[in-house]
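Worksheet: the structure to be examined is printed underneath.
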Amino acid sequence: MVLFFVVDTSGSMSGAKIGTVNSAIEEIVPEIKDISETNADAQIKVATLSFSTGARWIDSAPVAAENFRWNYLDASGVTDLGEACMQLNEKLSRNAFMSDATGSFAPAIFLMSDGEPTDNYRYGLDKLKQNNWFKKAIKVAIAIGEDANTSVLADFTGNIEAVITVHSPEALRKWIQFVSVRASEIGSQSSNAAASDPAGNGSDAESDIVSKQDLFVKEIQAQTADAADWDAFDDDGIQW
């Protein structure tokens with residue numbers, strides 16, 4: 001199973017925002033590795049897509065969790081979410097990142113952004129929505145601060161319940177950790193997304209994969225009650 005980090009690295013993310021993203025993901029890597037190593041059903045791999053002025057993959061292929069190292073991201077430029085969607089669509093293919101010889105689970109896709117798209121995001125997202133792997137994926141987004149367009153993020157995830165809004169580094173860090181771990185655990189549970197699809201397009205039985213997204217949304221809702229004070233507490237007093 002591939003866990004995709006899709007990270008907004010536009011100029012508005014500079015400073016505490018991108019710094020928190022970097023440190024939080026770096027801290028959670030050992031736990032993702034442990035989940036992968038103890039999972040009898042699936043190996044977890046990680047892929048990172050950074051988008052600002054354009055979009056770029058940090059690694060040329062998904063990296064096995066046991067070998068994954070987080071590369072710190074810098075922030076500058078605009079917010080080309082549409083280009084990120086186009087590149088994600090290209091790699092969500094048996095000819096690219098979903099080419100594992102033993103079959104692939106539906107991926108988990110984790111989007112983080114703090115602003116408005118600056119390109120024609122709808123064209124790219126409409127293309128991405130036609131991708132069978134994307135349709136079956138667990139999808140979640142974090143809106144960083146009040147300037148993030150939650151409607152756009154909900155369009156990406158498929159529903160507003162899968163969009164989490166944060167206002168402080170503490171909340172961002174804890175939600176990154178929660179989402180990364182639970183998406184890895186739920187996404188790698190047995191229910192092979194390619195098992196019933198000879199063409200390898202990821203079209204497993206609809207109920208199996210939708211239930212993973214539904215389960216993940218329920219996990220978010222349950223965690224939200226416990227997370228109510230995360231935004232209110234931050235050692236540096238930063239609020240976004």
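Going through the structure tokens in order, the chains are called A, B, and so on, while each chain numbers its residues from 1 and the ligands are numbered from 1 in the order shown.
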
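Residues in contact with stretch 220-232 of chain A at 9 Å, where only C-alpha atoms are counted and same-chain residues fewer than 5 positions away are skipped, are listed as Glu161, Ala162, Ile164, Val166, His167, Ser168, Pro169, Glu170, Ala171, Leu172, Lys174, Trp175, Phe178, Val179, Leu215, Gly237 and Gln239 of chain A.
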
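Residue neighbourhood of A:Ala75, excluding near-sequence residues (fewer than 2 positions): Thr9, Ser10, Gly11, Met13, Ser14, Ile18 and Leu73 of chain A, at 7 Å, using only C-alpha atoms.
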
Go ahead and save the picked residues with N, CA and C atoms, as a JSON list (two decimals), in the first residue's frame.
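In the end it all went to again.json:
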[["chain", "number", "residue", "atom", "x", "y", "z"],
["A", 9, "THR", "N", 3.72, 23.55, -0.80],
["A", 9, "THR", "CA", 4.97, 24.22, -0.41],
["A", 9, "THR", "C", 5.04, 25.63, -1.02],
["A", 10, "SER", "N", 3.89, 26.27, -1.16],
["A", 10, "SER", "CA", 3.86, 27.65, -1.67],
["A", 10, "SER", "C", 4.42, 28.60, -0.62],
["A", 11, "GLY", "N", 4.64, 29.86, -1.02],
["A", 11, "GLY", "CA", 5.28, 30.82, -0.14],
["A", 11, "GLY", "C", 4.56, 31.04, 1.17],
["A", 13, "MET", "N", 3.28, 28.95, 3.01],
["A", 13, "MET", "CA", 3.57, 27.85, 3.93],
["A", 13, "MET", "C", 4.92, 28.03, 4.63],
["A", 14, "SER", "N", 5.67, 29.07, 4.29],
["A", 14, "SER", "CA", 7.00, 29.23, 4.87],
["A", 14, "SER", "C", 6.93, 29.48, 6.37],
["A", 18, "ILE", "N", 5.52, 25.03, 7.25],
["A", 18, "ILE", "CA", 6.30, 23.97, 6.60],
["A", 18, "ILE", "C", 7.26, 23.33, 7.59],
["A", 73, "LEU", "N", 11.23, 19.87, 3.24],
["A", 73, "LEU", "CA", 10.73, 20.67, 2.14],
["A", 73, "LEU", "C", 10.85, 22.14, 2.46]]

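Counting only C-alpha atoms, A:Glu146 has the following residues at most 10 Å away, ignoring those fewer than 4 positions along the same chain: Asp114, Gly115, Thr150, Thr165, Val166, His167 and Trp240 of chain A.
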
Let me see the file: selected residues, C-alpha atoms, as a compact mmCIF listing (two decimals), in the first residue's frame.
# COMPACT_ATOMS: atom_id res chain seq x y z
CA ASP A 114 -3.06 26.57 3.54
CA GLY A 115 -4.50 28.59 0.66
CA THR A 150 -12.02 23.94 2.61
CA THR A 165 -8.93 22.45 9.86
CA VAL A 166 -6.04 23.39 12.17
CA HIS A 167 -4.98 26.74 13.62
CA TRP A 240 -3.00 30.75 12.04

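Taking only C-alpha atoms into account, A:Ala154 lies nearest to A:Ser113 out of the set A:Thr79, A:Ser113, A:Asn22, A:Gln177.
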
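All residues within stretch 1-90 of chain A that the backbone DSSP calculation assigns to strand (DSSP E) are A:Val2, A:Leu3, A:Phe4, A:Phe5, A:Val6, A:Val7, A:Asp8, A:Lys45, A:Val46, A:Ala47, A:Thr48, A:Leu49, A:Ser50, A:Phe51, A:Ser52, A:Gly54, A:Ala55, A:Arg56, A:Trp57, A:Val63, A:Ala64.
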
Using only C-alpha atoms, find each residue in stretch 43-147 of chain A having at least one atom no more than 12 Å away from stretch 182-191 of chain A; report its shortest atom-to-atom pair and that distance in Å (one decimal), rows by chain then rising number, as JSON lines.
{"residue": "A:Gln43", "atom": "CA", "partner": "A:Ser188", "partner_atom": "CA", "distance": 7.6}
{"residue": "A:Ile44", "atom": "CA", "partner": "A:Ser188", "partner_atom": "CA", "distance": 7.2}
{"residue": "A:Lys45", "atom": "CA", "partner": "A:Ser184", "partner_atom": "CA", "distance": 9.5}
{"residue": "A:Val46", "atom": "CA", "partner": "A:Ser184", "partner_atom": "CA", "distance": 9.9}
{"residue": "A:Ala65", "atom": "CA", "partner": "A:Ser184", "partner_atom": "CA", "distance": 10.5}
{"residue": "A:Gly103", "atom": "CA", "partner": "A:Ser191", "partner_atom": "CA", "distance": 11.0}
{"residue": "A:Ser104", "atom": "CA", "partner": "A:Ser188", "partner_atom": "CA", "distance": 9.6}
{"residue": "A:Phe105", "atom": "CA", "partner": "A:Ser188", "partner_atom": "CA", "distance": 6.8}
{"residue": "A:Ala106", "atom": "CA", "partner": "A:Gly187", "partner_atom": "CA", "distance": 7.1}
{"residue": "A:Pro107", "atom": "CA", "partner": "A:Gly187", "partner_atom": "CA", "distance": 6.7}
{"residue": "A:Ala108", "atom": "CA", "partner": "A:Ala183", "partner_atom": "CA", "distance": 6.2}
{"residue": "A:Ile109", "atom": "CA", "partner": "A:Ala183", "partner_atom": "CA", "distance": 8.5}
{"residue": "A:Phe110", "atom": "CA", "partner": "A:Ala183", "partner_atom": "CA", "distance": 8.6}
{"residue": "A:Lys136", "atom": "CA", "partner": "A:Gly187", "partner_atom": "CA", "distance": 10.5}
{"residue": "A:Ala137", "atom": "CA", "partner": "A:Gly187", "partner_atom": "CA", "distance": 8.3}
{"residue": "A:Ile138", "atom": "CA", "partner": "A:Gly187", "partner_atom": "CA", "distance": 7.0}
{"residue": "A:Lys139", "atom": "CA", "partner": "A:Ala183", "partner_atom": "CA", "distance": 8.8}
{"residue": "A:Val140", "atom": "CA", "partner": "A:Ala183", "partner_atom": "CA", "distance": 8.9}
{"residue": "A:Ala141", "atom": "CA", "partner": "A:Ala183", "partner_atom": "CA", "distance": 11.8}

Checklist entry - What is the distance, in Å and to one decimal place, between atom CA of A:Thr20 and atom CA of A:Ile176? => result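 Between atom CA of A:Thr20 and atom CA of A:Ile176 the gap is 9.4 Å.
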